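Peer 1: Supplied structure: protein08.cif, mmCIF, C-alpha atoms and all ligand atoms.
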data_start
loop_
_atom_site.label_atom_id
_atom_site.label_comp_id
_atom_site.auth_asym_id
_atom_site.auth_seq_id
_atom_site.Cartn_x
_atom_site.Cartn_y
_atom_site.Cartn_z
CA MET A 1 -30.01 -161.84 101.45
CA PRO A 2 -29.08 -165.11 99.67
CA GLY A 3 -27.29 -167.84 101.60
CA PHE A 4 -23.88 -169.37 100.98
CA PRO A 5 -22.36 -170.52 98.71
CA LEU A 6 -22.99 -167.33 96.77
CA GLU A 7 -24.00 -167.90 93.19
CA PRO A 8 -22.25 -166.28 90.24
CA GLY A 9 -23.93 -162.93 89.70
CA ALA A 10 -23.81 -162.09 93.42
CA THR A 11 -21.99 -158.92 94.50
CA ILE A 12 -19.00 -158.88 96.85
CA GLY A 13 -17.96 -155.66 98.59
CA ILE A 14 -14.36 -154.60 99.16
CA LEU A 15 -13.30 -151.92 101.63
CA GLY A 16 -10.08 -150.32 100.36
CA GLY A 17 -8.86 -148.88 97.11
CA GLY A 18 -5.48 -150.38 96.34
CA GLN A 19 -3.84 -152.98 94.16
CA LEU A 20 -4.88 -155.87 96.39
CA GLY A 21 -8.50 -154.90 95.87
CA ARG A 22 -7.86 -154.56 92.14
CA MET A 23 -6.45 -158.07 91.86
CA LEU A 24 -9.29 -159.43 94.02
CA THR A 25 -11.73 -157.69 91.68
CA VAL A 26 -10.21 -159.31 88.61
CA ALA A 27 -10.30 -162.75 90.26
CA ALA A 28 -13.90 -162.33 91.42
CA THR A 29 -14.96 -161.20 87.96
CA GLU A 30 -13.46 -164.40 86.50
CA LEU A 31 -15.85 -166.37 88.71
CA GLY A 32 -18.84 -164.34 87.55
CA PHE A 33 -19.19 -162.11 90.62
CA ASP A 34 -19.56 -158.34 90.61
CA ILE A 35 -17.45 -156.23 92.93
CA ALA A 36 -18.48 -153.06 94.75
CA VAL A 37 -15.56 -151.04 96.12
CA LEU A 38 -15.75 -148.45 98.89
CA THR A 39 -12.67 -146.25 99.08
CA PRO A 40 -11.99 -142.66 100.12
CA ARG A 41 -9.65 -142.23 97.14
CA GLU A 42 -10.72 -140.80 93.79
CA ASN A 43 -9.71 -142.94 90.81
CA ALA A 44 -8.45 -145.81 93.02
CA PRO A 45 -6.77 -148.80 91.31
CA ASP A 46 -9.60 -151.20 92.21
CA ALA A 47 -12.44 -148.73 91.68
CA ARG A 48 -11.42 -148.52 88.01
CA VAL A 49 -12.09 -152.23 87.39
CA ALA A 50 -15.03 -152.83 89.76
CA ALA A 51 -18.68 -152.95 88.70
CA TYR A 52 -19.58 -150.40 91.41
CA ALA A 53 -17.35 -147.79 93.06
CA ILE A 54 -18.39 -145.70 96.04
CA THR A 55 -15.99 -142.85 96.84
CA ALA A 56 -16.50 -141.91 100.48
CA ALA A 57 -14.87 -142.04 103.90
CA TYR A 58 -14.98 -145.48 105.57
CA THR A 59 -17.07 -143.93 108.32
CA ASP A 60 -19.68 -142.38 105.98
CA GLU A 61 -22.86 -144.13 107.11
CA ALA A 62 -24.84 -143.40 103.95
CA ALA A 63 -22.02 -144.91 101.87
CA LEU A 64 -21.79 -147.98 104.12
CA ARG A 65 -25.56 -148.43 103.82
CA GLU A 66 -25.28 -148.25 100.03
CA LEU A 67 -22.51 -150.88 100.11
CA ALA A 68 -24.55 -153.17 102.38
CA ASP A 69 -27.57 -152.84 100.04
CA LEU A 70 -25.47 -153.79 97.01
CA CYS A 71 -23.48 -156.66 98.53
CA ASP A 72 -24.05 -160.25 99.64
CA VAL A 73 -20.81 -160.24 101.65
CA VAL A 74 -18.16 -157.60 102.37
CA THR A 75 -14.40 -158.13 102.71
CA PHE A 76 -11.43 -155.76 102.98
CA GLU A 77 -8.07 -155.38 101.28
CA PHE A 78 -6.61 -153.10 103.92
CA GLU A 79 -6.48 -153.84 107.65
CA ASN A 80 -6.58 -150.25 108.78
CA VAL A 81 -10.23 -149.84 107.93
CA PRO A 82 -11.86 -148.36 111.08
CA ALA A 83 -13.38 -151.09 113.26
CA ASP A 84 -16.50 -148.90 113.56
CA ALA A 85 -17.12 -149.26 109.82
CA LEU A 86 -17.24 -153.06 110.12
CA GLU A 87 -19.46 -152.86 113.20
CA PHE A 88 -21.85 -150.58 111.36
CA LEU A 89 -22.02 -152.99 108.40
CA ALA A 90 -22.49 -155.96 110.74
CA GLY A 91 -25.31 -154.04 112.47
CA LEU A 92 -27.05 -153.78 109.09
CA GLY A 93 -26.97 -157.60 108.87
CA CYS A 94 -24.22 -157.60 106.24
CA PRO A 95 -21.96 -160.70 106.38
CA ILE A 96 -18.29 -159.73 106.75
CA ALA A 97 -15.31 -161.98 106.08
CA PRO A 98 -12.84 -162.17 107.71
CA GLY A 99 -14.75 -161.06 110.80
CA PRO A 100 -14.14 -158.02 113.03
CA LYS A 101 -12.02 -160.06 115.50
CA ALA A 102 -9.39 -160.61 112.80
CA LEU A 103 -9.19 -156.88 112.24
CA ALA A 104 -9.03 -156.07 115.96
CA SER A 105 -6.18 -158.57 116.48
CA THR A 106 -4.03 -157.18 113.67
CA GLN A 107 -4.53 -153.38 113.70
CA ASP A 108 -2.35 -152.84 116.73
CA ARG A 109 1.15 -154.33 117.03
CA VAL A 110 0.93 -154.80 120.82
CA ALA A 111 -2.50 -156.47 120.61
CA GLU A 112 -1.23 -158.67 117.74
CA LYS A 113 1.82 -159.95 119.61
CA THR A 114 -0.18 -160.41 122.82
CA PHE A 115 -2.76 -162.43 120.86
CA LEU A 116 -0.05 -164.58 119.23
CA ASN A 117 1.83 -165.23 122.47
CA ALA A 118 -1.45 -166.26 124.17
CA LEU A 119 -1.81 -168.92 121.45
CA GLY A 120 1.70 -170.18 122.29
CA ILE A 121 3.15 -168.65 119.09
CA GLU A 122 6.57 -167.03 119.49
CA THR A 123 7.37 -163.45 118.51
CA VAL A 124 10.30 -161.18 119.32
CA ALA A 125 10.30 -159.84 122.89
CA PHE A 126 8.63 -156.45 123.01
CA ALA A 127 7.57 -153.59 125.28
CA GLN A 128 4.65 -151.21 125.09
CA VAL A 129 5.83 -147.59 124.77
CA ASP A 130 3.25 -144.99 125.78
CA GLY A 131 5.73 -142.16 126.23
CA PRO A 132 9.49 -141.45 126.01
CA ASP A 133 10.04 -142.44 129.66
CA ASP A 134 9.14 -146.05 128.86
CA ILE A 135 12.04 -146.39 126.41
CA GLY A 136 15.05 -146.57 128.78
CA PRO A 137 13.73 -149.50 130.87
CA ALA A 138 12.48 -151.25 127.72
CA LEU A 139 15.90 -150.98 126.03
CA GLU A 140 17.50 -152.35 129.18
CA ARG A 141 15.30 -155.43 129.02
CA LEU A 142 15.28 -155.98 125.24
CA GLY A 143 18.90 -155.05 124.44
CA ALA A 144 20.18 -152.59 121.86
CA PRO A 145 19.65 -151.89 119.08
CA ALA A 146 15.87 -152.30 119.17
CA LEU A 147 13.19 -151.25 116.73
CA LEU A 148 10.67 -148.58 117.71
CA LYS A 149 7.44 -148.85 115.68
CA THR A 150 4.12 -147.04 115.89
CA ARG A 151 1.49 -149.45 117.21
CA ARG A 152 -0.99 -148.67 114.47
CA GLU A 153 -0.99 -147.87 110.76
CA GLY A 154 2.65 -148.59 109.96
CA TYR A 155 3.34 -150.36 106.68
CA ASP A 156 6.23 -150.89 104.26
CA GLY A 157 8.76 -149.89 106.92
CA LYS A 158 6.97 -146.58 107.57
CA GLY A 159 6.69 -145.53 111.20
CA GLN A 160 9.82 -147.42 112.33
CA ARG A 161 13.24 -146.37 113.70
CA TRP A 162 16.18 -148.38 115.03
CA ILE A 163 17.38 -146.98 118.35
CA SER A 164 20.33 -147.77 120.63
CA THR A 165 19.96 -145.31 123.51
CA ALA A 166 17.11 -143.78 125.50
CA ALA A 167 17.95 -140.36 124.02
CA GLU A 168 17.73 -141.72 120.47
CA GLY A 169 14.49 -143.39 121.50
CA ALA A 170 12.97 -140.14 122.76
CA ALA A 171 13.92 -138.36 119.53
CA ALA A 172 12.54 -141.22 117.41
CA PHE A 173 9.32 -141.29 119.44
CA ALA A 174 8.81 -137.59 118.73
CA GLU A 175 9.68 -138.04 115.03
CA LEU A 176 7.07 -140.79 114.78
CA GLY A 177 4.46 -138.31 115.94
CA GLY A 178 4.47 -139.03 119.69
CA LYS A 179 1.96 -141.83 119.08
CA PRO A 180 1.60 -145.02 121.14
CA ALA A 181 4.46 -147.28 120.09
CA ILE A 182 6.07 -150.67 120.58
CA LEU A 183 9.75 -151.41 121.09
CA GLU A 184 10.83 -154.70 119.55
CA ALA A 185 13.98 -156.71 120.27
CA ARG A 186 16.06 -157.26 117.15
CA ALA A 187 15.31 -160.61 115.52
CA GLU A 188 18.61 -162.26 114.56
CA PHE A 189 17.04 -163.96 111.58
CA VAL A 190 18.85 -165.98 108.94
CA ARG A 191 16.03 -165.31 106.53
CA GLU A 192 12.48 -164.02 106.28
CA VAL A 193 9.79 -166.37 105.03
CA SER A 194 6.01 -166.19 104.86
CA ILE A 195 3.09 -168.49 104.48
CA ILE A 196 -0.17 -167.68 102.75
CA ALA A 197 -3.03 -169.70 104.20
CA ALA A 198 -6.78 -169.81 103.74
CA ARG A 199 -9.80 -170.99 105.67
CA GLY A 200 -13.15 -171.51 104.02
CA HIS A 201 -16.66 -172.11 105.24
CA GLY A 202 -16.90 -175.47 106.98
CA GLU A 203 -13.41 -175.00 108.49
CA GLN A 204 -11.61 -176.10 105.31
CA LEU A 205 -7.92 -175.14 105.42
CA ALA A 206 -5.40 -174.60 102.61
CA PHE A 207 -1.71 -173.63 102.73
CA TYR A 208 0.64 -172.50 99.98
CA PRO A 209 4.31 -173.47 100.05
CA VAL A 210 6.38 -171.03 102.09
CA GLY A 211 8.14 -168.25 100.16
CA GLU A 212 11.43 -166.52 101.00
CA ASN A 213 11.31 -162.73 101.15
CA ARG A 214 13.91 -159.97 100.83
CA HIS A 215 13.19 -156.45 101.99
CA ALA A 216 14.98 -153.18 101.29
CA ASP A 217 14.30 -150.23 103.64
CA GLY A 218 11.42 -152.20 105.19
CA ILE A 219 9.69 -152.66 101.80
CA LEU A 220 9.27 -156.09 100.24
CA LYS A 221 11.49 -156.36 97.17
CA THR A 222 11.42 -160.03 96.16
CA THR A 223 9.75 -163.31 97.02
CA VAL A 224 11.15 -166.64 95.84
CA ALA A 225 8.54 -169.38 96.01
CA PRO A 226 8.63 -172.15 96.89
CA ALA A 227 11.45 -170.98 99.20
CA PRO A 228 14.75 -172.83 98.96
CA GLU A 229 14.49 -175.81 101.36
CA TRP A 230 10.87 -174.91 102.06
CA GLU A 231 10.18 -178.38 103.46
CA ARG A 232 12.35 -177.49 106.47
CA VAL A 233 9.81 -174.94 107.73
CA GLN A 234 6.56 -175.84 105.98
CA ASP A 235 4.92 -178.00 108.66
CA ARG A 236 5.68 -175.55 111.44
CA ALA A 237 4.55 -172.57 109.39
CA GLU A 238 1.29 -174.38 108.61
CA ALA A 239 0.73 -175.20 112.29
CA ILE A 240 1.20 -171.52 113.22
CA ALA A 241 -1.19 -170.34 110.50
CA ALA A 242 -3.76 -173.01 111.39
CA ALA A 243 -3.76 -172.00 115.07
CA ILE A 244 -4.39 -168.36 114.11
CA LEU A 245 -7.10 -169.18 111.55
CA GLU A 246 -8.94 -171.45 113.95
CA ASP A 247 -8.76 -169.14 116.93
CA LEU A 248 -10.17 -166.25 114.87
CA ASP A 249 -12.82 -168.49 113.26
CA TYR A 250 -11.38 -166.92 110.14
CA VAL A 251 -12.81 -166.96 106.62
CA GLY A 252 -10.52 -165.80 103.82
CA VAL A 253 -6.80 -165.62 103.02
CA LEU A 254 -4.26 -164.73 105.72
CA GLY A 255 -0.57 -163.83 105.32
CA VAL A 256 1.90 -164.72 108.09
CA GLU A 257 5.39 -163.16 107.98
CA LEU A 258 8.03 -165.19 109.81
CA PHE A 259 11.63 -164.77 110.93
CA GLU A 260 13.68 -167.98 110.69
CA LEU A 261 16.41 -167.94 113.32
CA ALA A 262 19.82 -169.65 113.19
CA ASP A 263 18.65 -172.20 115.78
CA GLY A 264 15.73 -173.09 113.51
CA ARG A 265 12.97 -171.38 115.49
CA LEU A 266 10.25 -169.48 113.64
CA LEU A 267 9.02 -166.20 115.12
CA VAL A 268 5.97 -164.44 113.73
CA ASN A 269 6.80 -160.89 112.68
CA GLU A 270 3.37 -159.84 111.49
CA ILE A 271 0.05 -161.24 110.35
CA ALA A 272 -2.10 -159.68 107.65
CA PRO A 273 -5.83 -160.50 107.58
CA ARG A 274 -5.96 -160.29 103.78
CA VAL A 275 -4.23 -161.29 100.60
CA HIS A 276 -0.55 -160.45 100.89
CA ASN A 277 2.24 -159.08 98.73
CA THR A 278 4.36 -162.20 99.44
CA GLY A 279 1.56 -164.28 97.88
CA HIS A 280 1.59 -162.55 94.49
CA TRP A 281 3.71 -165.39 93.08
CA THR A 282 0.62 -167.63 93.25
CA GLN A 283 -0.94 -165.72 90.32
CA ASP A 284 1.41 -167.43 87.90
CA GLY A 285 2.84 -170.25 90.03
CA ALA A 286 0.02 -172.11 91.78
CA VAL A 287 -3.11 -173.97 90.71
CA CYS A 288 -5.46 -171.47 92.38
CA ASP A 289 -4.00 -168.06 93.22
CA GLN A 290 -4.47 -166.25 96.53
CA PHE A 291 -6.95 -163.76 95.05
CA GLU A 292 -9.32 -166.42 93.70
CA GLN A 293 -8.78 -168.35 96.94
CA HIS A 294 -9.95 -165.40 99.01
CA ILE A 295 -12.99 -164.88 96.82
CA ARG A 296 -13.80 -168.61 97.03
CA ALA A 297 -13.54 -168.50 100.82
CA VAL A 298 -15.70 -165.42 101.37
CA ALA A 299 -18.26 -166.67 98.84
CA GLY A 300 -18.51 -169.98 100.71
CA TRP A 301 -17.10 -171.98 97.80
CA PRO A 302 -14.73 -174.92 98.26
CA LEU A 303 -11.08 -173.83 98.36
CA GLY A 304 -8.82 -174.33 95.35
CA ALA A 305 -5.60 -176.36 95.16
CA THR A 306 -2.44 -174.64 96.36
CA GLN A 307 0.32 -176.71 94.85
CA PRO A 308 3.04 -174.93 92.85
CA LEU A 309 3.14 -175.47 89.09
CA VAL A 310 6.46 -173.64 88.52
CA ALA A 311 8.91 -171.80 90.75
CA ILE A 312 8.50 -168.03 90.76
CA GLU A 313 10.74 -165.10 91.51
CA MET A 314 8.39 -162.23 92.28
CA GLU A 315 9.88 -158.74 92.13
CA ASN A 316 8.03 -155.62 93.21
CA LEU A 317 8.32 -152.66 90.86
CA LEU A 318 8.82 -149.72 93.19
CA GLY A 319 8.60 -146.10 92.06
CA GLN A 320 10.42 -145.43 88.80
CA GLU A 321 11.28 -149.14 88.36
CA VAL A 322 7.90 -149.43 86.66
CA GLU A 323 9.48 -147.70 83.66
CA THR A 324 11.35 -150.95 82.90
CA TRP A 325 8.06 -152.47 81.74
CA PRO A 326 9.13 -152.68 78.05
CA ASP A 327 12.10 -154.94 79.02
CA ILE A 328 9.83 -157.08 81.16
CA ALA A 329 7.26 -157.28 78.39
CA ALA A 330 10.03 -158.48 76.04
CA ASP A 331 10.76 -161.52 78.24
CA PRO A 332 8.18 -164.19 77.38
CA TYR A 333 8.64 -165.89 80.77
CA ALA A 334 8.10 -162.74 82.79
CA ARG A 335 4.47 -162.17 83.81
CA LEU A 336 3.83 -158.48 84.31
CA HIS A 337 1.19 -157.11 86.69
CA LEU A 338 0.67 -153.34 86.77
CA TYR A 339 -1.64 -151.53 89.14
CA GLY A 340 -2.68 -148.55 87.03
CA LYS A 341 -1.33 -146.01 89.50
CA GLY A 342 -0.53 -142.53 88.22
CA GLU A 343 2.39 -141.07 90.07
CA ALA A 344 5.54 -143.23 90.54
CA ARG A 345 6.63 -141.80 93.90
CA PRO A 346 9.84 -143.32 95.38
CA GLY A 347 9.09 -146.65 97.09
CA ARG A 348 5.46 -146.74 95.88
CA LYS A 349 4.31 -150.19 94.74
CA MET A 350 3.48 -149.67 91.06
CA GLY A 351 3.37 -153.30 89.93
CA HIS A 352 5.21 -156.59 90.14
CA VAL A 353 6.69 -159.17 87.85
CA ASN A 354 6.54 -162.94 88.30
CA ARG A 355 9.51 -164.61 86.60
CA LEU A 356 8.91 -168.28 85.88
CA ARG A 357 11.64 -170.79 86.76
CA PRO A 358 11.68 -174.58 86.67
CA LEU A 359 10.64 -176.22 89.94
CA PRO A 360 13.59 -177.77 91.79
CA ASP A 361 13.59 -181.63 91.75
P1 LIG B 401 7.22 -154.80 109.45
O1 LIG B 401 6.63 -153.52 108.94
O2 LIG B 401 7.01 -155.00 110.91
O3 LIG B 401 6.79 -155.99 108.64
O4 LIG B 401 8.79 -154.67 109.22
C1 LIG B 401 9.35 -154.54 107.92
C2 LIG B 401 10.70 -155.25 107.88
O5 LIG B 401 11.59 -154.70 108.86
C3 LIG B 401 10.65 -156.73 108.21
O6 LIG B 401 10.25 -157.50 107.11
C4 LIG B 401 12.09 -156.98 108.64
O7 LIG B 401 12.95 -157.03 107.51
C5 LIG B 401 12.42 -155.74 109.42
N1 LIG B 401 12.05 -155.93 110.84
C6 LIG B 401 10.86 -155.67 111.40
N2 LIG B 401 10.85 -155.97 112.72
C7 LIG B 401 12.08 -156.44 113.02
C8 LIG B 401 12.71 -156.92 114.20
N3 LIG B 401 12.09 -156.95 115.39
N4 LIG B 401 14.00 -157.35 114.11
C9 LIG B 401 14.67 -157.31 112.93
N5 LIG B 401 14.12 -156.86 111.77
C10 LIG B 401 12.85 -156.42 111.80
#
Can you turn what I pasted into structure tokens?
Ligand code: AMP
Peer 2:
Amino acid sequence: MPGFPLEPGATIGILGGGQLGRMLTVAATELGFDIAVLTPRENAPDARVAAYAITAAYTDEAALRELADLCDVVTFEFENVPADALEFLAGLGCPIAPGPKALASTQDRVAEKTFLNALGIETVAFAQVDGPDDIGPALERLGAPALLKTRREGYDGKGQRWISTAAEGAAAFAELGGKPAILEARAEFVREVSIIAARGHGEQLAFYPVGENRHADGILKTTVAPAPEWERVQDRAEAIAAAILEDLDYVGVLGVELFELADGRLLVNEIAPRVHNTGHWTQDGAVCDQFEQHIRAVAGWPLGATQPLVAIEMENLLGQEVETWPDIAADPYARLHLYGKGEARPGRKMGHVNRLRPLPD
């Protein structure tokens, strides 16, 4: 097993088969690395561009052994990889970045908020919901309406319901599969922002300018970066991200989603131990984009510069919106990124476009 920094020609493993892995693969290839992907999905977006693709369950020990044999370090593009898979890889002596603690702190919404609050980082008030009887007292304390979410495996607004009464809560709990849940107080935010941060070997830190995000039905639709008046929140967003990165002894890129309240406070909504959709603007707007940054970090290379070169409006192409690609291709200042996915199901992330704008003075 070679040491760090990894040399070009080394192989980096990615657990997960989606577009984030695909864009990481492209970035790693630019630096002369090979990528080995392990995903349960046939014909996955990243498997089609990687040097090696292993199609198997994350818990398939023979497949994990094959990945460990191929790779000098393994990372993930998806935080719902079973913790056992990482432990098995670590047991084989395979370096993993970010480490298992990052995964454990972000897979479960109650554990995540408890972890953040213990670091002195504010979140919305919340209650653990193990069964429908917990909902009435929780609503009483948190106020209505409140948002019921499954503790694990929710994404893009899936596994969430707004509720106002205990009866609605019981029905929503059943609809969400009767799984362990969290009830969250409603954040009265004036806007949603996020910061993409990175930590390298040797504790080097890097932060991109904060972006402003708009969601529709819980799915990210647009990011404007740098956010209007980003200086107002930048230092505090960096301090939050730094505290998380340092506590987790983190290596790689981290996304932190924030609610900005009318009184100026920033609450953390969610953290993602990986490259993040709200950081896609960096591909065409920053010196070193988040995908290369992550590869640099996990390979033990120095981090790249994060400053913006132009302003970007990033728009996700959801479902059938991908069919507008000819119009986007006709705009010379629109940078199109498509994920090579077959079926354009409603709400599915099929690609994104980064529209270049002049930086504000
Ligand atoms: P999440 O899957 O937790 O990131 O939630 C998706 C989106 O739902 C967020 O980006 C917000 O727009 C909205 N949302 C989530 N949690 C809350 C909350 N506690 N209060 C208000 N809006 C929320």
Peer 1: Contacts of Lys341 of chain A at 8 Å or less, counting all atoms listed in the file, minus same-chain residues fewer than 5 places along, as an MDAnalysis selection string?
Peer 2: chainID A and resid 44:45 350
Peer 1: Can you write out as JSON lines which residues of segment 94-202 of chain A fall within 8 Å of segment 265-277 of chain A, alongside each residue's closest atom pair and its distance in Å to one decimal, counting all atoms listed in the file and ordering rows by chain and ascending residue number?
Peer 2:
{"residue": "A:Pro98", "atom": "CA", "partner": "A:Pro273", "partner_atom": "CA", "distance": 7.2}
{"residue": "A:Ala102", "atom": "CA", "partner": "A:Pro273", "partner_atom": "CA", "distance": 6.3}
{"residue": "A:Leu103", "atom": "CA", "partner": "A:Pro273", "partner_atom": "CA", "distance": 6.8}
{"residue": "A:Thr106", "atom": "CA", "partner": "A:Ile271", "partner_atom": "CA", "distance": 6.6}
{"residue": "A:Glu112", "atom": "CA", "partner": "A:Glu270", "partner_atom": "CA", "distance": 7.8}
{"residue": "A:Ile121", "atom": "CA", "partner": "A:Val268", "partner_atom": "CA", "distance": 7.4}
{"residue": "A:Glu122", "atom": "CA", "partner": "A:Leu267", "partner_atom": "CA", "distance": 5.1}
{"residue": "A:Thr123", "atom": "CA", "partner": "A:Leu267", "partner_atom": "CA", "distance": 4.7}
{"residue": "A:Val124", "atom": "CA", "partner": "A:Leu267", "partner_atom": "CA", "distance": 6.7}
{"residue": "A:Ile196", "atom": "CA", "partner": "A:His276", "partner_atom": "CA", "distance": 7.5}
Peer 1: Using only C-alpha atoms and all ligand atoms, find each protein or nucleic acid residue lying at most 6 Å from ligand LIG 401 (chain B); present the set as a list of chain:residue names.
Peer 2: A:Leu147, A:Tyr155, A:Asp156, A:Gly157, A:Glu184, A:Ala185, A:Arg186, A:Ala187, A:His215, A:Gly218, A:Glu270
Peer 1: Given the choices A:Arg348, A:Trp230, A:Gly304, A:Ile195, which gets closest to Gly255 of chain A if the distance is worked out from all atoms listed in the file?
Peer 2: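 Closest to Gly255 of chain A, using all atoms listed in the file: A:Ile195.
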Peer 1: Between A:Leu254, A:Ala171, A:Ala57, A:Ala166, single out the one closest to Pro40 of chain A, counting all atoms listed in the file.
Peer 2: A:Ala57
Peer 1: Will you give me segment 47-95 of chain A, written with C-alpha atoms and laid out as a CSV table (one decimal), in the first residue's frame?
Peer 2:
chain,number,residue,atom,x,y,z
A,47,ALA,CA,-19.6,3.0,-13.5
A,48,ARG,CA,-19.8,4.0,-17.2
A,49,VAL,CA,-16.8,6.4,-16.9
A,50,ALA,CA,-14.7,4.6,-14.3
A,51,ALA,CA,-11.7,2.5,-15.1
A,52,TYR,CA,-13.1,-0.4,-13.0
A,53,ALA,CA,-16.8,-1.1,-12.1
A,54,ILE,CA,-17.9,-3.7,-9.6
A,55,THR,CA,-21.6,-4.3,-9.6
A,56,ALA,CA,-22.5,-5.8,-6.2
A,57,ALA,CA,-24.3,-5.1,-3.0
A,58,TYR,CA,-22.4,-2.8,-0.6
A,59,THR,CA,-22.3,-5.7,1.9
A,60,ASP,CA,-20.9,-8.3,-0.6
A,61,GLU,CA,-17.6,-9.2,1.1
A,62,ALA,CA,-16.0,-10.6,-2.0
A,63,ALA,CA,-16.8,-7.4,-3.8
A,64,LEU,CA,-15.4,-5.2,-1.0
A,65,ARG,CA,-12.3,-7.4,-0.9
A,66,GLU,CA,-11.9,-6.8,-4.7
A,67,LEU,CA,-12.3,-3.1,-4.2
A,68,ALA,CA,-9.7,-3.0,-1.4
A,69,ASP,CA,-7.2,-4.9,-3.5
A,70,LEU,CA,-7.6,-2.4,-6.4
A,71,CYS,CA,-7.6,0.8,-4.4
A,72,ASP,CA,-5.1,3.0,-2.5
A,73,VAL,CA,-8.0,4.8,-0.7
A,74,VAL,CA,-11.8,4.5,-0.8
A,75,THR,CA,-14.3,7.3,-0.6
A,76,PHE,CA,-18.1,7.5,-1.0
A,77,GLU,CA,-20.5,9.6,-3.0
A,78,PHE,CA,-23.6,8.6,-1.0
A,79,GLU,CA,-23.9,8.7,2.8
A,80,ASN,CA,-26.3,5.8,3.1
A,81,VAL,CA,-23.7,3.2,2.4
A,82,PRO,CA,-24.0,0.7,5.2
A,83,ALA,CA,-21.5,1.4,8.1
A,84,ASP,CA,-20.6,-2.3,8.1
A,85,ALA,CA,-19.2,-2.0,4.5
A,86,LEU,CA,-16.8,0.7,5.7
A,87,GLU,CA,-15.8,-1.2,8.8
A,88,PHE,CA,-15.1,-4.3,6.6
A,89,LEU,CA,-12.9,-2.2,4.3
A,90,ALA,CA,-11.1,-0.6,7.3
A,91,GLY,CA,-10.6,-4.1,8.7
A,92,LEU,CA,-8.8,-5.0,5.5
A,93,GLY,CA,-6.4,-2.1,6.1
A,94,CYS,CA,-7.9,0.0,3.4
A,95,PRO,CA,-7.7,3.8,4.0
